[in-house]
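See below for upload_12.txt, which holds compact mmCIF, C-alpha atoms.
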```txt
# COMPACT_ATOMS: atom_id res chain seq x y z
CA MET A 1 -6.10 14.72 -25.91
CA THR A 2 -5.01 13.50 -22.48
CA LEU A 3 -8.65 13.24 -21.42
CA TYR A 4 -9.48 10.91 -24.31
CA LEU A 5 -6.38 8.82 -23.51
CA GLU A 6 -7.46 8.58 -19.85
CA ILE A 7 -10.99 7.52 -20.83
CA ILE A 8 -9.63 4.81 -23.13
CA ILE A 9 -7.30 3.52 -20.39
CA TYR A 10 -10.13 3.54 -17.84
CA LEU A 11 -12.30 1.47 -20.20
CA LEU A 12 -9.41 -0.96 -20.72
CA LEU A 13 -8.94 -1.22 -16.94
CA ILE A 14 -12.62 -2.03 -16.35
CA GLY A 15 -12.62 -4.52 -19.22
CA CYS A 16 -9.48 -6.27 -17.95
CA ALA A 17 -10.88 -6.46 -14.41
CA ILE A 18 -14.20 -7.98 -15.57
CA ILE A 19 -12.44 -10.49 -17.84
CA ALA A 20 -10.00 -11.49 -15.07
CA LEU A 21 -12.93 -12.16 -12.75
CA ARG A 22 -15.11 -13.99 -15.27
CA VAL A 23 -12.60 -16.22 -17.06
CA LYS A 24 -12.46 -19.88 -16.00
CA ASP A 25 -8.84 -20.73 -16.80
CA LEU A 26 -6.52 -19.61 -13.99
CA LEU A 27 -3.54 -19.12 -16.33
CA ALA A 28 -5.62 -16.79 -18.50
CA ALA A 29 -6.74 -14.95 -15.37
CA ILE A 30 -3.09 -14.34 -14.41
CA VAL A 31 -2.28 -13.00 -17.87
CA VAL A 32 -5.30 -10.67 -17.86
CA LEU A 33 -4.38 -9.49 -14.36
CA SER A 34 -0.90 -8.59 -15.64
CA ALA A 35 -2.55 -6.67 -18.47
CA TYR A 36 -4.65 -4.86 -15.84
CA SER A 37 -1.48 -3.85 -13.98
CA LEU A 38 0.09 -2.65 -17.24
CA CYS A 39 -2.98 -0.52 -18.00
CA SER A 40 -2.87 1.01 -14.53
CA ALA A 41 0.84 1.75 -15.05
CA PHE A 42 -0.09 3.57 -18.27
CA LEU A 43 -2.73 5.49 -16.34
CA PHE A 44 -0.22 6.55 -13.66
CA ALA A 45 2.21 7.67 -16.37
CA VAL A 46 -0.49 9.67 -18.19
CA VAL A 47 -1.63 11.55 -15.10
CA GLY A 48 1.95 12.51 -14.26
CA ALA A 49 3.18 10.05 -11.63
CA VAL A 50 5.95 8.55 -13.73
CA ASP A 51 7.80 7.01 -10.79
CA VAL A 52 4.70 5.25 -9.47
CA GLY A 53 3.90 4.06 -13.00
CA PHE A 54 7.39 2.65 -13.38
CA THR A 55 7.13 0.74 -10.12
CA GLU A 56 3.68 -0.54 -11.07
CA ALA A 57 4.94 -1.73 -14.47
CA VAL A 58 7.91 -3.58 -12.98
CA VAL A 59 6.32 -5.06 -9.87
CA GLY A 60 2.63 -5.33 -10.80
CA ALA A 61 2.95 -6.47 -14.39
CA GLY A 62 6.20 -8.40 -14.11
CA LEU A 63 7.03 -9.87 -10.75
CA SER A 64 3.60 -10.42 -9.18
CA GLY A 65 2.43 -12.20 -12.34
CA LEU A 66 5.53 -14.38 -12.16
CA LEU A 67 4.88 -15.24 -8.49
CA PHE A 68 1.21 -16.05 -9.26
CA LEU A 69 2.44 -18.28 -12.09
CA ALA A 70 4.85 -20.12 -9.77
CA ALA A 71 2.10 -20.59 -7.17
CA LEU A 72 -0.29 -21.86 -9.87
CA PHE A 73 2.21 -24.43 -11.12
CA TYR A 74 2.98 -25.54 -7.58
CA THR A 75 -0.67 -26.23 -6.70
CA SER A 76 -3.06 -28.59 -8.44
CA ARG A 77 -6.68 -28.10 -9.44
CA LYS A 78 -8.09 -31.24 -7.84
CA SER A 79 -7.30 -32.28 -4.28
CA ALA A 80 -5.43 -35.51 -3.72
CA ASP A 81 -7.77 -37.19 -1.25
CA MET B 1 8.58 -27.10 -11.48
CA VAL B 2 11.55 -25.15 -12.85
CA LYS B 3 12.53 -27.12 -15.90
CA LYS B 4 13.75 -26.37 -19.37
CA SER B 5 11.20 -24.95 -21.79
CA SER B 6 10.47 -27.21 -24.74
CA SER B 7 10.06 -24.37 -27.25
CA ILE B 8 13.28 -23.28 -28.96
CA ILE B 9 11.77 -19.91 -29.91
CA VAL B 10 11.00 -19.02 -26.29
CA GLY B 11 14.50 -19.99 -25.20
CA ILE B 12 16.32 -18.04 -27.92
CA VAL B 13 14.18 -14.90 -27.58
CA SER B 14 14.44 -14.76 -23.79
CA ARG B 15 18.19 -15.31 -23.89
CA ALA B 16 18.51 -12.52 -26.45
CA ILE B 17 16.35 -10.03 -24.52
CA VAL B 18 17.87 -10.55 -21.04
CA PRO B 19 21.08 -8.47 -21.61
CA PHE B 20 19.00 -5.50 -22.77
CA ILE B 21 16.77 -5.72 -19.68
CA GLN B 22 19.87 -5.78 -17.47
CA LEU B 23 21.45 -2.81 -19.31
CA PHE B 24 18.23 -0.83 -18.86
CA ALA B 25 18.19 -1.79 -15.17
CA LEU B 26 21.74 -0.48 -14.73
CA TYR B 27 20.73 2.74 -16.50
CA VAL B 28 17.76 3.12 -14.13
CA ILE B 29 19.96 2.59 -11.05
CA VAL B 30 22.76 4.94 -12.17
CA HIS B 31 20.38 7.72 -13.25
CA GLY B 32 18.21 7.30 -10.18
CA HIS B 33 18.87 10.73 -8.67
CA SER B 34 18.05 12.70 -11.81
CA SER B 35 15.22 10.80 -13.51
CA PRO B 36 12.29 8.52 -12.56
CA GLY B 37 13.34 5.20 -11.14
CA GLY B 38 16.04 4.34 -8.66
CA GLY B 39 17.40 1.47 -6.68
CA PHE B 40 14.14 -0.38 -6.16
CA GLN B 41 12.96 -0.25 -9.76
CA GLY B 42 16.37 -1.12 -11.18
CA GLY B 43 16.81 -3.98 -8.74
CA ALA B 44 13.36 -5.32 -9.55
CA LEU B 45 14.23 -5.19 -13.26
CA LEU B 46 17.48 -7.10 -12.61
CA GLY B 47 15.57 -9.70 -10.59
CA ALA B 48 12.91 -9.99 -13.31
CA SER B 49 15.56 -10.61 -15.97
CA ILE B 50 17.08 -13.45 -13.96
CA LEU B 51 13.62 -14.87 -13.15
CA LEU B 52 12.91 -14.87 -16.91
CA LEU B 53 15.99 -17.06 -17.33
CA ARG B 54 14.81 -19.26 -14.44
CA LEU B 55 11.50 -19.82 -16.24
CA THR B 56 12.73 -20.38 -19.78
CA VAL B 57 16.30 -21.68 -19.79
CA GLY B 58 15.93 -23.88 -16.72
CA ARG B 59 17.73 -24.25 -13.45
CA GLU B 60 21.06 -25.48 -14.90
CA GLY B 61 21.41 -22.54 -17.27
CA SER B 62 20.31 -19.85 -14.86
CA GLU B 63 22.55 -21.16 -12.07
CA LEU B 64 25.47 -19.87 -14.16
CA VAL B 65 24.06 -16.33 -14.07
CA PHE B 66 22.93 -16.22 -10.45
CA PRO B 67 23.55 -19.26 -8.20
CA GLU B 68 20.68 -20.19 -5.93
CA ARG B 69 22.89 -20.37 -2.81
CA MET B 70 23.96 -16.73 -3.37
CA GLY B 71 20.44 -15.34 -2.86
CA THR B 72 20.40 -14.80 0.89
CA PRO B 73 24.05 -13.57 1.16
CA MET B 74 23.51 -11.07 -1.65
CA SER B 75 20.35 -9.65 -0.08
CA GLY B 76 22.24 -9.24 3.18
CA PHE B 77 25.13 -7.64 1.29
CA GLY B 78 22.82 -5.02 -0.21
CA VAL B 79 21.51 -4.07 3.23
CA PHE B 80 25.12 -3.96 4.44
CA ILE B 81 26.09 -1.46 1.72
CA TYR B 82 23.15 0.77 2.69
CA ALA B 83 23.98 0.65 6.40
CA PHE B 84 27.72 1.04 5.78
CA VAL B 85 27.25 4.29 3.84
CA GLY B 86 25.10 5.60 6.67
CA VAL B 87 27.61 4.66 9.35
CA ALA B 88 30.48 6.07 7.26
CA ALA B 89 28.67 9.42 7.25
CA MET B 90 28.41 9.15 11.05
CA ILE B 91 32.16 8.43 11.24
CA GLY B 92 32.80 11.54 9.15
CA GLY B 93 30.98 13.71 11.68
CA GLY B 94 27.41 13.99 10.42
CA VAL B 95 24.17 12.19 11.21
CA TYR B 96 23.14 8.84 9.74
CA LEU B 97 22.98 8.94 5.90
CA ASN B 98 24.06 12.59 5.67
CA TYR B 99 26.16 12.08 2.55
CA ALA B 100 27.97 15.42 2.77
CA PHE B 101 30.04 14.07 5.66
CA LEU B 102 31.32 10.94 3.92
CA PRO B 103 35.01 10.55 4.84
CA ILE B 104 36.40 10.87 1.30
CA GLY B 105 38.98 13.59 0.81
CA GLY B 106 39.18 16.13 -1.99
CA MET B 107 35.52 16.34 -3.01
CA GLN B 108 32.93 19.08 -2.72
CA PRO B 109 29.82 18.42 -0.58
CA ALA B 110 27.60 18.36 -3.71
CA GLU B 111 29.80 15.68 -5.30
CA LEU B 112 29.78 13.72 -2.06
CA ARG B 113 25.97 13.81 -1.95
CA SER B 114 25.78 12.52 -5.53
CA LEU B 115 28.25 9.74 -4.78
CA GLY B 116 26.42 8.79 -1.59
CA ILE B 117 23.07 8.54 -3.36
CA LEU B 118 24.68 6.33 -6.01
CA LEU B 119 26.20 4.01 -3.38
CA VAL B 120 22.96 3.71 -1.44
CA GLU B 121 20.95 2.98 -4.58
CA THR B 122 23.47 0.33 -5.60
CA GLY B 123 22.91 -1.34 -2.23
CA VAL B 124 19.14 -1.11 -2.57
CA GLY B 125 19.32 -2.56 -6.08
CA ILE B 126 21.43 -5.54 -5.02
CA GLY B 127 19.16 -6.23 -2.05
CA VAL B 128 15.92 -6.02 -4.04
CA MET B 129 17.27 -8.20 -6.86
CA ALA B 130 18.45 -10.94 -4.49
CA THR B 131 15.23 -10.83 -2.44
CA MET B 132 13.03 -11.24 -5.53
CA ILE B 133 15.09 -14.24 -6.64
CA VAL B 134 15.01 -15.77 -3.15
CA ILE B 135 11.20 -15.47 -2.98
CA PHE B 136 10.79 -17.13 -6.37
CA ASP B 137 13.29 -19.90 -5.60
CA ASP B 138 11.60 -20.73 -2.31
CA ILE B 139 8.18 -20.90 -3.95
CA ALA B 140 9.48 -23.00 -6.83
CA LYS B 141 11.38 -25.37 -4.56
CA GLY B 142 8.55 -25.86 -2.11
CA ASN B 143 10.59 -25.31 1.05
CA PHE B 144 8.90 -22.37 2.66
CA HIS B 145 10.77 -22.36 5.96
CA ASP B 146 14.46 -22.06 5.29
```
Starting from the coordinates I provided, produce the structure as structure tokens.
Amino acid sequence: MTLYLEIIIYLLLIGCAIIALRVKDLLAAIVVLSAYSLCSAFLFAVVGAVDVGFTEAVVGAGLSGLLFLAALFYTSRKSAD
Amino acid sequence: MVKKSSSIIVGIVSRAIVPFIQLFALYVIVHGHSSPGGGFQGGALLGASILLLRLTVGREGSELVFPERMGTPMSGFGVFIYAFVGVAAMIGGGVYLNYAFLPIGGMQPAELRSLGILLVETGVGIGVMATMIVIFDDIAKGNFHD
């Protein structure tokens, strides 16, 4: 049971990583990267490291995505000169 | 960059969900010595709830919850609580952060250890929350060197 769950989460992790690298829109890349962090938090929780999974869910999926979002809104796609 | 969201649904839902995030963060901090989580995770949850308000409600609304000028003093205050508990244990006769020697009368050493862990995790939570908010405010404001 746990093995099947781990395999599904590993496939989700690989899929999220490939999508985050291949997608053109930077906002979509940030969202998929947060989904990647959430999947890795699930993986940590499944294999027994609940504390690490909790930290990953809060910091990786929540706060780092928020900081990436702030940095994306502060920069612009084309240079000014 | 931090301005009010134009969608009324986003504003209402985020304002409704923020108290529950903060209640869960307080639960994580208080139960830190007997369950997964602790000061860092609870403080990060508190900071994330206030950053959600910063993103959706806007600067004027979220200034009422956590003023921007309070960020650096609060992060220093959290570190002060942590260091003060450690030094209080030294005053009581033990080494740094040995909670059993906290100078509080009428309590068993096990109770003193539980109380000391709670105090230290409260300090860690306050410091982490304020530091997260300070980082976001500095990025959003554009002044990286103050």
Report task. State, in Å with one decimal place, the distance from atom CA of B:Gln41 to atom CA of A:Glu56. Result ->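 Between these atoms lies a distance of 9.4 Å.
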Query - Atomic separation - atom CA of B:Ala44 relative to atom CA of B:Val134, Å - result: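 Those two atoms sit 12.4 Å apart.
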Query raised in the report: Of the candidates B:Met90, B:Ala25, B:Met74, B:Ala100, which one gets nearest to chain A if we count all atoms listed in the file?
Result: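 That would be B:Ala25, the residue with the smallest distance to chain A.
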Query - Distance-based interface of chain A with chain B, 8 Å, counting all atoms listed in the file, as number ranges by chain - result: A: 50-51, 54-55, 58-59, 62-63, 67, 70-71, 73-74
Query raised in the report: Between B:Ile91, B:Leu102, B:Val28, B:Ile50, which has the minimum distance to B:Glu121 (counting all atoms listed in the file)?
Result: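 Nearest candidate to B:Glu121 out of B:Ile91, B:Leu102, B:Val28, B:Ile50: B:Val28.
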Report task. Taking the point (17.6, -2.2, -2.8) as given in the file, collect each protein or nucleic acid residue that comes within 7 Å of it, counting all atoms listed in the file, and present the set as a VMD selection string. Result -> chain B and resid 39 to 40 43 78 121 to 128
**Report entry** Residues within 12 Å of stretch 25-39 of chain A, only C-alpha atoms, excluding chain neighbours under 6 positions, as an MDAnalysis selection string
**Finding:** chainID A and resid 5:19 45:46 52:73 75:77
Query raised in the report: What gap, in Å, lies between atom CA of A:Leu43 and atom CA of B:Ile133?
Result: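 So the answer is 28.3 Å.
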Give me the residues of stretch 43-118 of chain B that have any atom at most 8 Å from an atom of stretch 6-17 of chain B; for each, the nearest atom pair and the distance in Å, rounded to one decimal. Use all atoms listed in the file, sort by chain and number, and format it as a tab-separated table.
```
residue	atom	partner	partner_atom	distance
B:Leu52	CA	B:Ser14	CA	7.0
B:Leu53	CA	B:Ser14	CA	7.0
B:Thr56	CA	B:Gly11	CA	5.7
B:Val57	CA	B:Gly11	CA	5.9
```
Report task. Name the residues in contact with stretch 106-117 of chain B at a cut-off of 10 Å, using only C-alpha atoms, excluding same-chain residues fewer than 6 positions from it; report them as a ChimeraX atom specification. Result -> /B:30,32-34,38-39,82,85-86,89,97-100,123
